[in-house]
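Engineer: One structure is given below, represented as structure tokens, and several questions about it will come after.
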Amino acid sequence: MDLELKNINVTLGDKNIIQDLSLAVAKGEFVGIIGPNGSGKSTLLRTIYRIIQPNNGTIWLDGQNLKDIKLSESAKKMGVVGQFNSVNFDFTVLDMVMMGRTPHKSLLGSDTPADYAIAMESIQKVGMEKHANRSFSTLSGGEKQRIILARALTQQPQLLILDEPTNHLDIKYQLQILSIVKSLGIGVLAALHDLSLAAMYCHRLYVLKEGTVITSGVPNEILTPELVRDVYEIECDIQENPATGYLSITYYPTCRHA
Amino acid sequence: MTHLKQQPFIKYDAVNQKNHIFLLLLTGLGILALLSMLLAVGLGTVKIPPDIAYKIIAYKLFHLNIDNVMSQVSPAHMDIIWQIRLPRVILSAVVGAGLAVCGTVMQASVQNPLAEPYILGISAGASLGATFSILIGSTAGLFFGLGTAFWAFIGALGASFFVLILSGIGGRMSTVKMVLSGSIASALFIALSNLLVYISNDAEGIRSVTFWNMGSLAAAKWDNLTLPVFGVTLCCLFFLSQSRTLNTLLLGEEAAITLGINLTKVRRLYMIITALITGLIVSVCGIFGFVGLVIPHVVRGLVGSDHRRLMPGTILIGSIFLIWADVLARIILKSGELPIGIITALVGAPFFMYILFKQSFDFGSK
């Protein structure tokens with residue numbers, strides 16, 4: 001499963017949010033999108049998971065034009081963990097995760113033991129098996145996020161789209177969620193806030209500013225203090241930790257009276 | 001080295017067992033619904049012993065002349081049972097199921113626990129249609145003798161399409177726009193019918209408008225039963241087949257789309273079907289609230305939010321509720337009968353309060 005975007009433009013109202021953006025995710029590749037608030041990360045992802053129509057440009061999913069694929073077909077290939085997961089009506093955790101089977105089911109098809117097995121495996125992967133019978137609304141923000149991930153995994157997708165998947169999570173679960181996702185070996189496109197985590201998990205990064213890709217490439221090569229200053233307007237120091245090989249980023253306080 | 005075999009944390013048996021319990025509950029409700037219908041036929045202002053009532057029905061249906069019943073019964077009793085009560089009980093069962101199902105679908109479609117079948121301005125539209133027909137249509141001798149029911153239906157449909165179009169202006173139909181458009185339509189149509197009432201000098205007409213707005217099942221006859229029965233049955237069957245989609249709608253617009261549901265198309269279809277069915281119901285028996293709002297919540301409290309359980313439960317409990325509400329409407333006053341809208345609101349409101357506080361505003365956690 002690969003994803004390719006060619007010259008995508010998105011306009012919301014009369015504002016250009018995404019301009020002439022091209023991007024690719026190869027099979028099994030973990031790709032991150034970083035950029036400041038309002039740089040168009042969420043809009044870009046929502047365009048890919050078909051909430052927003054691009055004004056022009058083409059999205060190719062597995063070699064097919066996304067426009068020509070039925071929603072129910074693309075939902076079998078692409079799982080999504082979005083930012084907003086509040087629900088007015090309540091379900092148990094298991095019921096919630098079982099909904100991930102929806103795209104695979106016909107109108108009157110009933111849930112088979114195999115469907116339950118897939119759902120339970122997903123719940124186990126996110127470490128929520130003790131809470132399978134609890135009601136979703138009683139979970140904490142981080143637990144909800146993990147259940148939504150489990151639901152997306154239950155779709156058995158070949159590509160995962162994650163919009164700030166580590167929001168609300170403490171550091172243990174931030175690392176856990178990204179590790180789970182990476183261990184699946186499927187294609188991942190994730191908008192991330194934390195530059196260190198992005199550098200740690202992503203094979204490649206796209207850096208977004210004002211709706212366009214400023215640069216892209218291997219994290220350790222492209223993440224420099226100059227880039228961070230240009231994109232986020234802050235000063236920082238970036239070094240490769242000799243013991244771990246991971247980037248360590250130290251930020252300087254912003255000038256208070258600027 | 002031995003491995004401890006890890007127990008799966010949920011056994012499929014447990015899921016199966018839950019299904020068995022639900023089937024048992026459903027069968028129980030089905031029997032209760034049938035029993036309610038039979039009992040309701042025997043109750044009313046005119047006392048007719050239940051055994052006579054059943055013998056009359058048996059005679060009419062199967063030509064069974066049990067205990068030579070036909071020679072003991074007066075033709076008046078015969079008519080009360082066969083021409084008045086039985087059609088009325090059937091209508092109340094059908095209308096109860098229809099309103100409850102439409103309410104459930106509306107709540108899922110706009111993801112709002114406070115939605116009800118009249119949310120698209122249907123009641124205001126129907127009311128305007130009925131007012132128009134009662135106050136102007138009849139006096140002017142216009143409109144080829146088409147009755148109040150017809151104009152109420154037209155009004156209901158007009159209002160809901162007005163709302164659907166209004167909420168679709170300027171991009172994707174959103175639930176907030178839909179709810180607000182419903183309020184706008186209601187305000188507009190209520191103002192128009194008040195205007196009609198104000199400028200007309202027809203005291204008798206105004207009385208019938210008021211009565212019509214409080215709802216009644218008294219109009220039930222074999223002739224006007226066919227359309228509601230067929231309509232509601234088809235609607236119930238259709239929405240029973242849509243349980244999975246309805247479940248995903250509850251998760252919100254984005255989640256539904258990422259699970260492969262063509263939200264715009266599905267929602268428009270559901271809205272049109274509920275508008276047609278509610279319009280049909282309103283045209284036969286006027287407006288009465290709370291059934292479509294309360295019953296889905298009651299059933300959610302019993303079986304949870306999953307529409308595969310919720311839908312069948314809603315259909316049966318909606319029927320049972322309205323059968324008994326109508327019985328109350330018929331027997332509570334010694335002279336004449338009470339509009340059913342008063343009963344459904346008087347029973348429904350406190351019951352709804354109880355449910356809200358018992359579940360501490362937690363919709364359908366099970």
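Chain labels A, B, ... are given in the sequence in which chains occur in the structure tokens; within each chain residues are numbered consecutively from 1, and ligands are likewise numbered from 1 in the order shown.
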Using only C-alpha atoms, find each residue of range 261-286 of chain B with at least one atom at most 12 Å away from an atom of range 242-246 of chain B; report its shortest atom-to-atom pair and that distance in Å (one decimal), sort the rows by chain and rising residue number, and return the result as a Markdown table.

Structural biologist:
| residue | atom | partner | partner_atom | distance |
| --- | --- | --- | --- | --- |
| B:Ile261 | CA | B:Thr245 | CA | 7.0 |
| B:Asn262 | CA | B:Thr245 | CA | 9.5 |
| B:Leu263 | CA | B:Thr245 | CA | 9.3 |
| B:Lys265 | CA | B:Thr245 | CA | 11.8 |
| B:Val266 | CA | B:Thr245 | CA | 8.4 |
| B:Arg267 | CA | B:Leu246 | CA | 9.6 |
| B:Leu269 | CA | B:Gln242 | CA | 11.5 |
| B:Tyr270 | CA | B:Leu246 | CA | 9.7 |

Engineer: Applying 12 Å and only C-alpha atoms, which residues near range 233-248 of chain A remain after dropping the ones on its own chain fewer than 4 positions away? List them as a ChimeraX atom specification.

Structural biologist: /A:35-36,194-202,209,218-229,252-255

Engineer: Using only C-alpha atoms, which protein or nucleic acid residues come within 7 Å of Ser305 in chain B? Drop anything in the same chain fewer than 4 positions from it, and give the result as a list in words.

Structural biologist: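 What passes the distance filter is Phe89, Asp90 and Phe91 of chain A; Arg300, Leu310 and Gly364 of chain B.
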
Engineer: The selected residues should be written to file as a tab-separated table (two decimals), in the first residue's frame (atoms: C-alpha atoms).

Structural biologist:
chain	number	residue	atom	x	y	z
A	89	PHE	CA	-23.85	8.33	22.99
A	90	ASP	CA	-22.04	5.73	24.91
A	91	PHE	CA	-20.64	2.35	23.94
B	300	ARG	CA	-31.01	2.59	25.37
B	310	LEU	CA	-31.86	-0.76	20.08
B	364	GLY	CA	-26.98	4.63	26.74

Engineer: Using only C-alpha atoms, determine which residues lie at most 9 Å from Pro339 in chain B, disregarding the query and same-chain residues fewer than 6 positions distant; provide the list as a PDB file with C-alpha atoms, in the first residue's frame.

Structural biologist:
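Saved file around.pdb follows:
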ATOM      1  CA  PHE B 211     -57.688  19.762  19.407  1.00  0.00           C
ATOM      2  CA  TRP B 212     -55.785  18.659  16.320  1.00  0.00           C
ATOM      3  CA  MET B 214     -52.928  17.870  20.838  1.00  0.00           C
ATOM      4  CA  GLY B 215     -53.229  14.678  18.862  1.00  0.00           C
ATOM      5  CA  SER B 216     -55.808  11.905  18.849  1.00  0.00           C
ATOM      6  CA  LEU B 217     -56.094   8.400  17.504  1.00  0.00           C
ATOM      7  CA  PHE B 288     -48.080  14.537  20.074  1.00  0.00           C
ATOM      8  CA  ASP B 326     -54.307   5.599  24.119  1.00  0.00           C
ATOM      9  CA  ALA B 329     -56.794   8.709  26.866  1.00  0.00           C
ATOM     10  CA  ARG B 330     -60.015   6.759  26.302  1.00  0.00           C
TER      11      ARG B 330
END

Engineer: When distances are computed from only C-alpha atoms, which of B:Trp82, B:Phe189, B:Phe161, B:Phe62 shows the smallest separation from Gly129 in chain B?

Structural biologist: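 Of all the options, B:Phe189 lies closest to Gly129 in chain B.
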
Engineer: List the neighbours of Asn88 in chain A out to 8 Å using only C-alpha atoms; skip same-chain residues closer than 6 positions along the sequence, and give me the result as a list in words.

Structural biologist: Gln111, Asn112, Pro113, Leu250, Leu251 and Phe363 of chain B

Engineer: Include C-alpha atoms and write out the residues we just selected as a compact mmCIF listing (two decimals), in the first residue's frame.

Structural biologist:
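Written output follows (part.txt):
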# COMPACT_ATOMS: atom_id res chain seq x y z
CA GLN B 111 -25.78 12.86 16.86
CA ASN B 112 -27.91 14.66 19.36
CA PRO B 113 -29.67 12.88 22.21
CA LEU B 250 -23.27 8.02 16.52
CA LEU B 251 -19.49 8.29 16.45
CA PHE B 363 -26.70 8.34 27.14

Engineer: With the cut-off set at 7 Å and counting only C-alpha atoms, tabulate each residue of chain A with an atom at most that distance from an atom of chain B, showing the nearest atom pair and its distance in Å to one decimal, ordered by chain and increasing number, as CSV.

Structural biologist:
residue,atom,partner,partner_atom,distance
A:Tyr49,CA,B:Thr258,CA,6.6
A:Ile51,CA,B:Glu254,CA,6.7
A:Leu71,CA,B:Gly260,CA,4.6
A:Ser72,CA,B:Gly260,CA,3.9
A:Ala75,CA,B:Gly260,CA,4.9
A:Gly79,CA,B:Thr258,CA,7.0
A:Val80,CA,B:Thr258,CA,6.4
A:Val87,CA,B:Leu251,CA,5.7
A:Asn88,CA,B:Gln111,CA,6.7
A:Phe89,CA,B:Phe363,CA,5.0
A:Asp90,CA,B:Ser365,CA,4.7
A:Phe91,CA,B:Ser365,CA,5.8
A:Thr92,CA,B:Lys366,CA,6.8
A:Gly100,CA,B:Leu259,CA,6.8
A:Thr102,CA,B:Leu259,CA,6.4
A:Pro103,CA,B:Gly260,CA,5.7
A:Leu107,CA,B:Ser241,CA,6.4
A:Leu108,CA,B:Ser241,CA,6.1
A:Pro113,CA,B:Tyr12,CA,6.6
A:Glu129,CA,B:Phe9,CA,6.5
A:Ser135,CA,B:Ser365,CA,6.1
